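protein.pdb follows; it contains PDB, C-alpha atoms, pLDDT in the B column.
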ATOM      1  CA  MET A   1       0.000   0.000   0.000  1.00 52.00           C
ATOM      2  CA  PRO A   2       1.582   3.366  -0.982  1.00 57.00           C
ATOM      3  CA  ARG A   3       2.306   5.792   1.788  1.00 57.00           C
ATOM      4  CA  ARG A   4      -0.133   8.673   1.861  1.00 53.00           C
ATOM      5  CA  GLU A   5       1.348  12.176   1.841  1.00 55.00           C
ATOM      6  CA  ARG A   6       0.354  14.203   4.877  1.00 52.00           C
ATOM      7  CA  ASN A   7      -0.535  17.815   5.113  1.00 43.00           C
ATOM      8  CA  PRO A   8       2.012  19.559   7.451  1.00 48.00           C
ATOM      9  CA  ALA A   9      -0.828  21.370   9.197  1.00 40.00           C
ATOM     10  CA  VAL A  10      -2.360  18.023  10.122  1.00 41.00           C
ATOM     11  CA  ILE A  11       0.936  16.696  11.462  1.00 46.00           C
ATOM     12  CA  ASP A  12       1.462  19.600  13.858  1.00 51.00           C
ATOM     13  CA  SER A  13      -2.031  20.033  15.225  1.00 53.00           C
ATOM     14  CA  HIS A  14      -5.149  18.097  16.113  1.00 55.00           C
ATOM     15  CA  SER A  15      -8.479  18.934  14.611  1.00 65.00           C
ATOM     16  CA  THR A  16      -8.876  21.315  17.583  1.00 72.00           C
ATOM     17  CA  GLY A  17      -5.961  23.411  16.351  1.00 75.00           C
ATOM     18  CA  GLN A  18      -3.843  22.580  19.411  1.00 76.00           C
ATOM     19  CA  PRO A  19      -0.207  21.547  18.849  1.00 80.00           C
ATOM     20  CA  ARG A  20       0.578  17.883  19.348  1.00 86.00           C
ATOM     21  CA  VAL A  21       2.141  17.047  22.697  1.00 94.00           C
ATOM     22  CA  LEU A  22       3.550  13.663  21.652  1.00 96.00           C
ATOM     23  CA  LEU A  23       5.117  13.044  18.264  1.00 97.00           C
ATOM     24  CA  THR A  24       6.047   9.918  16.366  1.00 97.00           C
ATOM     25  CA  VAL A  25       9.702   9.465  15.417  1.00 97.00           C
ATOM     26  CA  GLU A  26       8.802  10.427  11.856  1.00 97.00           C
ATOM     27  CA  GLN A  27       7.031  13.614  12.991  1.00 96.00           C
ATOM     28  CA  ALA A  28       9.977  14.539  15.228  1.00 97.00           C
ATOM     29  CA  ALA A  29      12.365  13.946  12.320  1.00 98.00           C
ATOM     30  CA  GLU A  30      10.286  16.216  10.100  1.00 97.00           C
ATOM     31  CA  ARG A  31      10.138  18.921  12.763  1.00 96.00           C
ATOM     32  CA  LEU A  32      13.942  18.786  13.200  1.00 97.00           C
ATOM     33  CA  SER A  33      14.618  18.447   9.443  1.00 97.00           C
ATOM     34  CA  LEU A  34      16.481  15.209  10.121  1.00 97.00           C
ATOM     35  CA  GLY A  35      16.159  11.651   8.976  1.00 97.00           C
ATOM     36  CA  ARG A  36      14.423   8.989  11.022  1.00 97.00           C
ATOM     37  CA  THR A  37      17.726   7.215  11.726  1.00 98.00           C
ATOM     38  CA  SER A  38      19.227  10.427  13.116  1.00 98.00           C
ATOM     39  CA  VAL A  39      16.298  10.817  15.515  1.00 98.00           C
ATOM     40  CA  TYR A  40      16.750   7.228  16.727  1.00 97.00           C
ATOM     41  CA  GLN A  41      20.440   8.027  17.307  1.00 98.00           C
ATOM     42  CA  LEU A  42      19.513  11.141  19.326  1.00 98.00           C
ATOM     43  CA  LEU A  43      17.192   8.950  21.413  1.00 97.00           C
ATOM     44  CA  LYS A  44      19.925   6.348  21.925  1.00 97.00           C
ATOM     45  CA  THR A  45      22.462   8.947  23.067  1.00 97.00           C
ATOM     46  CA  GLY A  46      19.960  10.632  25.394  1.00 97.00           C
ATOM     47  CA  HIS A  47      19.786  13.947  23.536  1.00 97.00           C
ATOM     48  CA  LEU A  48      16.066  13.367  22.979  1.00 97.00           C
ATOM     49  CA  HIS A  49      13.739  11.592  25.380  1.00 97.00           C
ATOM     50  CA  SER A  50      10.769   9.420  24.576  1.00 97.00           C
ATOM     51  CA  VAL A  51       7.904   7.706  26.343  1.00 97.00           C
ATOM     52  CA  ARG A  52       6.391   4.319  25.666  1.00 96.00           C
ATOM     53  CA  ILE A  53       2.657   3.905  25.360  1.00 95.00           C
ATOM     54  CA  GLY A  54       2.116   0.187  25.031  1.00 96.00           C
ATOM     55  CA  ARG A  55       4.294  -0.793  22.086  1.00 96.00           C
ATOM     56  CA  LEU A  56       4.430   2.738  20.681  1.00 96.00           C
ATOM     57  CA  ARG A  57       7.291   5.197  21.161  1.00 94.00           C
ATOM     58  CA  ARG A  58       6.402   8.878  21.302  1.00 98.00           C
ATOM     59  CA  ILE A  59       8.644  11.912  21.685  1.00 98.00           C
ATOM     60  CA  PRO A  60       7.292  14.761  23.810  1.00 97.00           C
ATOM     61  CA  ALA A  61       7.313  18.060  21.907  1.00 96.00           C
ATOM     62  CA  GLU A  62       8.996  19.645  24.959  1.00 96.00           C
ATOM     63  CA  SER A  63      11.926  17.232  24.510  1.00 97.00           C
ATOM     64  CA  ILE A  64      12.420  18.562  20.984  1.00 97.00           C
ATOM     65  CA  ASP A  65      12.192  22.142  22.263  1.00 96.00           C
ATOM     66  CA  ALA A  66      14.771  21.374  24.990  1.00 97.00           C
ATOM     67  CA  TYR A  67      17.126  19.797  22.431  1.00 97.00           C
ATOM     68  CA  ILE A  68      16.883  22.859  20.181  1.00 96.00           C
ATOM     69  CA  ALA A  69      17.462  25.161  23.169  1.00 96.00           C
ATOM     70  CA  ALA A  70      20.554  23.162  24.169  1.00 95.00           C
ATOM     71  CA  LEU A  71      21.932  23.408  20.628  1.00 95.00           C
ATOM     72  CA  THR A  72      21.311  27.143  20.603  1.00 93.00           C
ATOM     73  CA  GLU A  73      23.077  27.634  23.951  1.00 93.00           C
ATOM     74  CA  GLN A  74      26.138  25.715  22.736  1.00 89.00           C
ATOM     75  CA  GLN A  75      26.706  28.121  19.875  1.00 86.00           C
TER      76      GLN A  75
END
Please express the file's structure as structure tokens.
Amino acid sequence: MPRRERNPAVIDSHSTGQPRVLLTVEQAAERLSLGRTSVYQLLKTGHLHSVRIGRLRRIPAESIDAYIAALTEQQ
């Protein structure tokens, strides 16, 4: 089955217009302009944090914000 292209507005917000609190690895990669493998590496090294919900892995949006803030402070 071909992968369906998603509208960026749908990825970042629910139908209520609120930003997503938990992101998939793919959504986090898109938000950071990185590949999926790079996001998994950031998770492995502890630069990004994730939570497990059953068998699913989700990355809190605040973890992405904290990672970006840390990168900004380093420079």
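Using all atoms listed in the file, the protein and nucleic acid residues lying no more than 10 Å from stretch 28-36 of chain A, apart from those fewer than 5 places from it along its own chain, are Pro8, Ile11, Asp12, Leu22, Leu23, Gln41, Leu42, Leu48, Arg58, Ile59, Pro60, Ala61, Ser63, Ile64, Asp65, Tyr67 and Ile68 of chain A.
Proximity ranking of A:Thr37, A:Arg52, A:Val25, A:His47 relative to A:Leu71 places A:His47 first, based on only C-alpha atoms.
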Work out how far apart atom CA of A:His49 and atom CA of A:Glu26 are and give it in Å to one decimal.
-> 14.4 Å
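When all atoms listed in the file are used to compute distances to A:Ile53, the closest of the residues A:Gln75, A:Ser38, A:Ala70, A:Thr24 turns out to be A:Thr24.
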